[in-house]
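Next up, target07.pdb (PDB, C-alpha atoms, pLDDT in the B column):
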```pdb
ATOM      1  CA  ASN A   1      17.338   1.429   7.607  1.00 45.00           C
ATOM      2  CA  ALA A   2      19.865   2.448  10.208  1.00 47.00           C
ATOM      3  CA  ALA A   3      17.582   4.981  11.919  1.00 54.00           C
ATOM      4  CA  GLY A   4      14.954   2.333  12.565  1.00 58.00           C
ATOM      5  CA  GLU A   5      12.352   4.185  10.537  1.00 58.00           C
ATOM      6  CA  ILE A   6       9.707   2.283   8.651  1.00 62.00           C
ATOM      7  CA  GLU A   7      10.302   2.694   4.940  1.00 78.00           C
ATOM      8  CA  CYS A   8       7.351   0.668   3.669  1.00 83.00           C
ATOM      9  CA  PHE A   9       4.869  -2.019   4.586  1.00 82.00           C
ATOM     10  CA  ARG A  10       5.492  -5.366   2.923  1.00 86.00           C
ATOM     11  CA  PHE A  11       2.502  -7.521   2.057  1.00 84.00           C
ATOM     12  CA  MET A  12       3.189 -11.189   2.686  1.00 86.00           C
ATOM     13  CA  SER A  13      -0.085 -13.108   3.122  1.00 89.00           C
ATOM     14  CA  ILE A  14      -2.620 -11.494   0.821  1.00 88.00           C
ATOM     15  CA  GLN A  15      -5.849 -13.471   0.805  1.00 89.00           C
ATOM     16  CA  PRO A  16      -7.344 -14.247  -2.627  1.00 89.00           C
ATOM     17  CA  GLY A  17     -10.371 -12.062  -3.310  1.00 88.00           C
ATOM     18  CA  SER A  18      -9.396  -9.436  -0.726  1.00 84.00           C
ATOM     19  CA  ILE A  19      -9.359  -5.723  -1.493  1.00 78.00           C
ATOM     20  CA  TYR A  20      -5.579  -6.013  -1.828  1.00 81.00           C
ATOM     21  CA  THR A  21      -5.796  -8.525  -4.684  1.00 84.00           C
ATOM     22  CA  GLN A  22      -8.520  -6.393  -6.270  1.00 80.00           C
ATOM     23  CA  LEU A  23      -6.030  -3.509  -6.182  1.00 79.00           C
ATOM     24  CA  GLY A  24      -3.453  -5.684  -7.926  1.00 84.00           C
ATOM     25  CA  LEU A  25      -1.107  -5.969  -4.958  1.00 87.00           C
ATOM     26  CA  GLN A  26       1.074  -9.041  -4.801  1.00 91.00           C
ATOM     27  CA  ASN A  27       2.792 -10.864  -1.960  1.00 92.00           C
ATOM     28  CA  GLY A  28       6.146  -9.190  -1.429  1.00 93.00           C
ATOM     29  CA  ASP A  29       4.981  -5.734  -2.556  1.00 92.00           C
ATOM     30  CA  CYS A  30       6.251  -3.009  -0.257  1.00 91.00           C
ATOM     31  CA  VAL A  31       3.882  -0.012  -0.136  1.00 88.00           C
ATOM     32  CA  PHE A  32       5.549   3.226   0.941  1.00 88.00           C
ATOM     33  CA  GLY A  33       2.919   5.788  -0.038  1.00 89.00           C
ATOM     34  CA  ALA A  34      -0.756   6.258  -0.812  1.00 84.00           C
ATOM     35  CA  ASN A  35      -2.305   9.307  -2.473  1.00 83.00           C
ATOM     36  CA  GLY A  36       0.971  11.136  -1.938  1.00 84.00           C
ATOM     37  CA  GLU A  37       1.045  10.424   1.810  1.00 84.00           C
ATOM     38  CA  LYS A  38       4.076   8.583   3.134  1.00 87.00           C
ATOM     39  CA  ILE A  39       3.218   5.370   4.976  1.00 83.00           C
ATOM     40  CA  ASP A  40       5.872   5.332   7.662  1.00 78.00           C
ATOM     41  CA  SER A  41       4.103   4.164  10.822  1.00 79.00           C
ATOM     42  CA  PRO A  42       1.536   1.563  11.904  1.00 78.00           C
ATOM     43  CA  GLN A  43      -0.934   4.440  12.418  1.00 84.00           C
ATOM     44  CA  LYS A  44      -0.448   5.578   8.815  1.00 82.00           C
ATOM     45  CA  ALA A  45      -0.923   2.001   7.622  1.00 79.00           C
ATOM     46  CA  MET A  46      -4.231   1.807   9.504  1.00 80.00           C
ATOM     47  CA  GLU A  47      -5.310   5.159   8.050  1.00 81.00           C
ATOM     48  CA  PHE A  48      -4.449   3.793   4.593  1.00 75.00           C
ATOM     49  CA  TYR A  49      -6.537   0.674   5.198  1.00 75.00           C
ATOM     50  CA  ASN A  50      -9.539   2.740   6.331  1.00 79.00           C
ATOM     51  CA  ALA A  51      -9.113   5.180   3.442  1.00 74.00           C
ATOM     52  CA  ILE A  52      -9.175   2.517   0.728  1.00 71.00           C
ATOM     53  CA  LYS A  53     -12.514   1.234   1.976  1.00 72.00           C
ATOM     54  CA  ASN A  54     -14.135   4.651   1.411  1.00 74.00           C
ATOM     55  CA  ALA A  55     -12.109   6.331  -1.317  1.00 74.00           C
ATOM     56  CA  PRO A  56     -13.345   6.594  -4.913  1.00 78.00           C
ATOM     57  CA  GLY A  57      -9.759   6.359  -6.164  1.00 79.00           C
ATOM     58  CA  LEU A  58      -6.309   5.521  -4.948  1.00 81.00           C
ATOM     59  CA  SER A  59      -2.752   6.186  -6.018  1.00 87.00           C
ATOM     60  CA  LEU A  60      -0.220   3.761  -4.525  1.00 87.00           C
ATOM     61  CA  GLN A  61       3.535   4.118  -4.455  1.00 91.00           C
ATOM     62  CA  LEU A  62       5.170   0.739  -4.008  1.00 92.00           C
ATOM     63  CA  GLU A  63       8.266  -1.266  -4.596  1.00 93.00           C
ATOM     64  CA  ARG A  64       8.040  -4.606  -6.408  1.00 93.00           C
ATOM     65  CA  ASP A  65      11.090  -6.704  -7.191  1.00 91.00           C
ATOM     66  CA  GLY A  66      13.388  -3.750  -6.522  1.00 90.00           C
ATOM     67  CA  GLN A  67      11.523  -1.367  -8.829  1.00 93.00           C
ATOM     68  CA  ARG A  68       9.486   1.596  -7.639  1.00 92.00           C
ATOM     69  CA  LEU A  69       6.048   1.834  -9.189  1.00 92.00           C
ATOM     70  CA  GLU A  70       3.073   4.141  -8.929  1.00 90.00           C
ATOM     71  CA  THR A  71      -0.300   2.622  -9.650  1.00 85.00           C
ATOM     72  CA  ASN A  72      -3.691   4.326  -9.834  1.00 86.00           C
ATOM     73  CA  TYR A  73      -7.027   2.682  -9.162  1.00 76.00           C
ATOM     74  CA  ASN A  74     -10.689   3.572  -9.371  1.00 76.00           C
ATOM     75  CA  ILE A  75     -12.360   1.813  -6.456  1.00 62.00           C
ATOM     76  CA  LYS A  76     -16.020   2.726  -6.916  1.00 58.00           C
TER      77      LYS A  76
END
```

Kindly present the structure from the file in structure tokens form.
Amino acid sequence: NAAGEIECFRFMSIQPGSIYTQLGLQNGDCVFGANGEKIDSPQKAMEFYNAIKNAPGLSLQLERDGQRLETNYNIK
């Protein structure tokens, strides 16, 4: 956007069998929120990555093919 803010993190090279494919993420998905928290910085993205390794559940807000979606997962 014009302000230079990060709106979402786009996944481009998801490895088969990774936690991201297990969560149903696809190449090109743009994640902008997790568990209601906005992902708007590299620090937030790292917090998200660490959180999904330990969380029993996850709610992701993402954009796929121009449509906004919210998906919920049980991890453990």

| said: Which residues, named as in the file, does the PyMOL selection byres ((chain A and resi 32) around 9) pick out? Answer as a ChimeraX atom specification. | reply: /A:6-10,30-31,33-34,37-40,60-63

| For atom CA of Met12 of chain A and atom CA of Lys44 of chain A, the interatomic separation in Å (one decimal) | 18.2 Å

Report as lines of an AutoDock Vina configuration file the centre and the edge lengths, in Å to one decimal, of the axis-aligned box holding every listed atom of segment 51-58 of chain A, padded by 3 Å on each side.
```
center_x = -10.2
center_y = 3.9
center_z = -1.4
size_x = 13.8
size_y = 11.4
size_z = 15.6
```

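Taken over the shown file, the PyMOL selection byres ((chain A and resi 27) around 9) identifies Arg10, Phe11, Met12, Ser13, Ile14, Leu25, Gln26, Gly28, Asp29 and Cys30 of chain A.
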
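The coordinates place atom CA of Gln15 of chain A at 16.2 Å from atom CA of Lys53 of chain A.
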
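Computed from the coordinates, the atom CA of Asn50 of chain A to atom CA of Asn74 of chain A distance equals 15.8 Å.
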
| field | Polymer residues at most 12 Å from (-10.1, 1.0, 0.3) by all atoms listed in the file, as a VMD selection string | value | chain A and resid 18 to 23 34 to 35 45 to 60 73 to 76

Please, could all heavy atoms be added to segment 9-20 of chain A and the result written as a CSV table (one decimal), in the frame of the given file?
```csv
chain,number,residue,atom,x,y,z
A,9,PHE,N,5.5,-0.9,4.0
A,9,PHE,CA,4.9,-2.0,4.6
A,9,PHE,C,4.8,-3.1,3.5
A,9,PHE,O,4.2,-2.9,2.5
A,9,PHE,CB,3.5,-1.6,5.1
A,9,PHE,CG,3.5,-0.9,6.4
A,9,PHE,CD1,3.7,0.4,6.5
A,9,PHE,CD2,3.4,-1.7,7.6
A,9,PHE,CE1,3.8,1.1,7.7
A,9,PHE,CE2,3.5,-1.0,8.8
A,9,PHE,CZ,3.7,0.3,8.9
A,10,ARG,N,5.4,-4.2,3.9
A,10,ARG,CA,5.5,-5.4,2.9
A,10,ARG,C,4.3,-6.3,3.1
A,10,ARG,O,4.0,-6.7,4.2
A,10,ARG,CB,6.8,-6.1,3.1
A,10,ARG,CG,7.0,-7.1,2.0
A,10,ARG,CD,8.4,-7.7,2.1
A,10,ARG,NE,9.5,-6.7,2.1
A,10,ARG,CZ,10.0,-6.2,0.9
A,10,ARG,NH1,9.5,-6.5,-0.2
A,10,ARG,NH2,10.9,-5.3,1.0
A,11,PHE,N,3.6,-6.6,2.0
A,11,PHE,CA,2.5,-7.5,2.1
A,11,PHE,C,3.0,-8.9,1.8
A,11,PHE,O,3.7,-9.2,0.9
A,11,PHE,CB,1.5,-7.2,1.0
A,11,PHE,CG,0.7,-5.9,1.3
A,11,PHE,CD1,1.2,-4.7,1.0
A,11,PHE,CD2,-0.5,-6.0,1.9
A,11,PHE,CE1,0.6,-3.5,1.3
A,11,PHE,CE2,-1.2,-4.8,2.2
A,11,PHE,CZ,-0.7,-3.6,1.9
A,12,MET,N,2.7,-9.8,2.8
A,12,MET,CA,3.2,-11.2,2.7
A,12,MET,C,2.1,-12.3,2.5
A,12,MET,O,2.3,-13.3,1.9
A,12,MET,CB,4.0,-11.5,3.9
A,12,MET,CG,5.3,-10.6,4.1
A,12,MET,SD,6.3,-10.6,2.6
A,12,MET,CE,7.0,-12.2,2.6
A,13,SER,N,1.0,-12.1,3.1
A,13,SER,CA,-0.1,-13.1,3.1
A,13,SER,C,-1.4,-12.5,2.6
A,13,SER,O,-2.4,-12.5,3.4
A,13,SER,CB,-0.3,-13.7,4.5
A,13,SER,OG,0.9,-14.3,5.0
A,14,ILE,N,-1.4,-12.1,1.4
A,14,ILE,CA,-2.6,-11.5,0.8
A,14,ILE,C,-3.6,-12.6,0.5
A,14,ILE,O,-3.3,-13.6,-0.1
A,14,ILE,CB,-2.3,-10.7,-0.5
A,14,ILE,CG1,-1.4,-9.5,-0.1
A,14,ILE,CG2,-3.6,-10.2,-1.1
A,14,ILE,CD1,-0.9,-8.7,-1.3
A,15,GLN,N,-4.8,-12.5,1.0
A,15,GLN,CA,-5.8,-13.5,0.8
A,15,GLN,C,-6.5,-13.3,-0.6
A,15,GLN,O,-6.8,-12.2,-0.9
A,15,GLN,CB,-6.9,-13.4,1.9
A,15,GLN,CG,-6.4,-13.6,3.3
A,15,GLN,CD,-5.9,-15.0,3.5
A,15,GLN,OE1,-6.5,-16.0,3.0
A,15,GLN,NE2,-4.8,-15.2,4.1
A,16,PRO,N,-6.7,-14.4,-1.3
A,16,PRO,CA,-7.3,-14.2,-2.6
A,16,PRO,C,-8.7,-13.6,-2.5
A,16,PRO,O,-9.5,-13.9,-1.5
A,16,PRO,CB,-7.5,-15.7,-3.1
A,16,PRO,CG,-6.4,-16.4,-2.4
A,16,PRO,CD,-6.3,-15.7,-1.0
A,17,GLY,N,-9.1,-12.7,-3.3
A,17,GLY,CA,-10.4,-12.1,-3.3
A,17,GLY,C,-10.5,-10.9,-2.4
A,17,GLY,O,-11.5,-10.2,-2.3
A,18,SER,N,-9.4,-10.6,-1.6
A,18,SER,CA,-9.4,-9.4,-0.7
A,18,SER,C,-9.3,-8.1,-1.5
A,18,SER,O,-9.0,-8.1,-2.7
A,18,SER,CB,-8.3,-9.5,0.3
A,18,SER,OG,-7.0,-9.3,-0.3
A,19,ILE,N,-9.5,-7.0,-0.8
A,19,ILE,CA,-9.4,-5.7,-1.5
A,19,ILE,C,-7.9,-5.5,-2.0
A,19,ILE,O,-7.7,-4.9,-3.1
A,19,ILE,CB,-9.8,-4.6,-0.6
A,19,ILE,CG1,-9.9,-3.3,-1.4
A,19,ILE,CG2,-8.8,-4.4,0.6
A,19,ILE,CD1,-10.6,-2.2,-0.7
A,20,TYR,N,-7.0,-6.2,-1.4
A,20,TYR,CA,-5.6,-6.0,-1.8
A,20,TYR,C,-5.4,-6.7,-3.2
A,20,TYR,O,-4.7,-6.2,-4.0
A,20,TYR,CB,-4.6,-6.6,-0.8
A,20,TYR,CG,-4.8,-5.9,0.6
A,20,TYR,CD1,-5.2,-6.6,1.7
A,20,TYR,CD2,-4.5,-4.5,0.7
A,20,TYR,CE1,-5.4,-5.9,2.9
A,20,TYR,CE2,-4.7,-3.8,1.9
A,20,TYR,CZ,-5.1,-4.6,3.0
A,20,TYR,OH,-5.3,-3.9,4.2
```
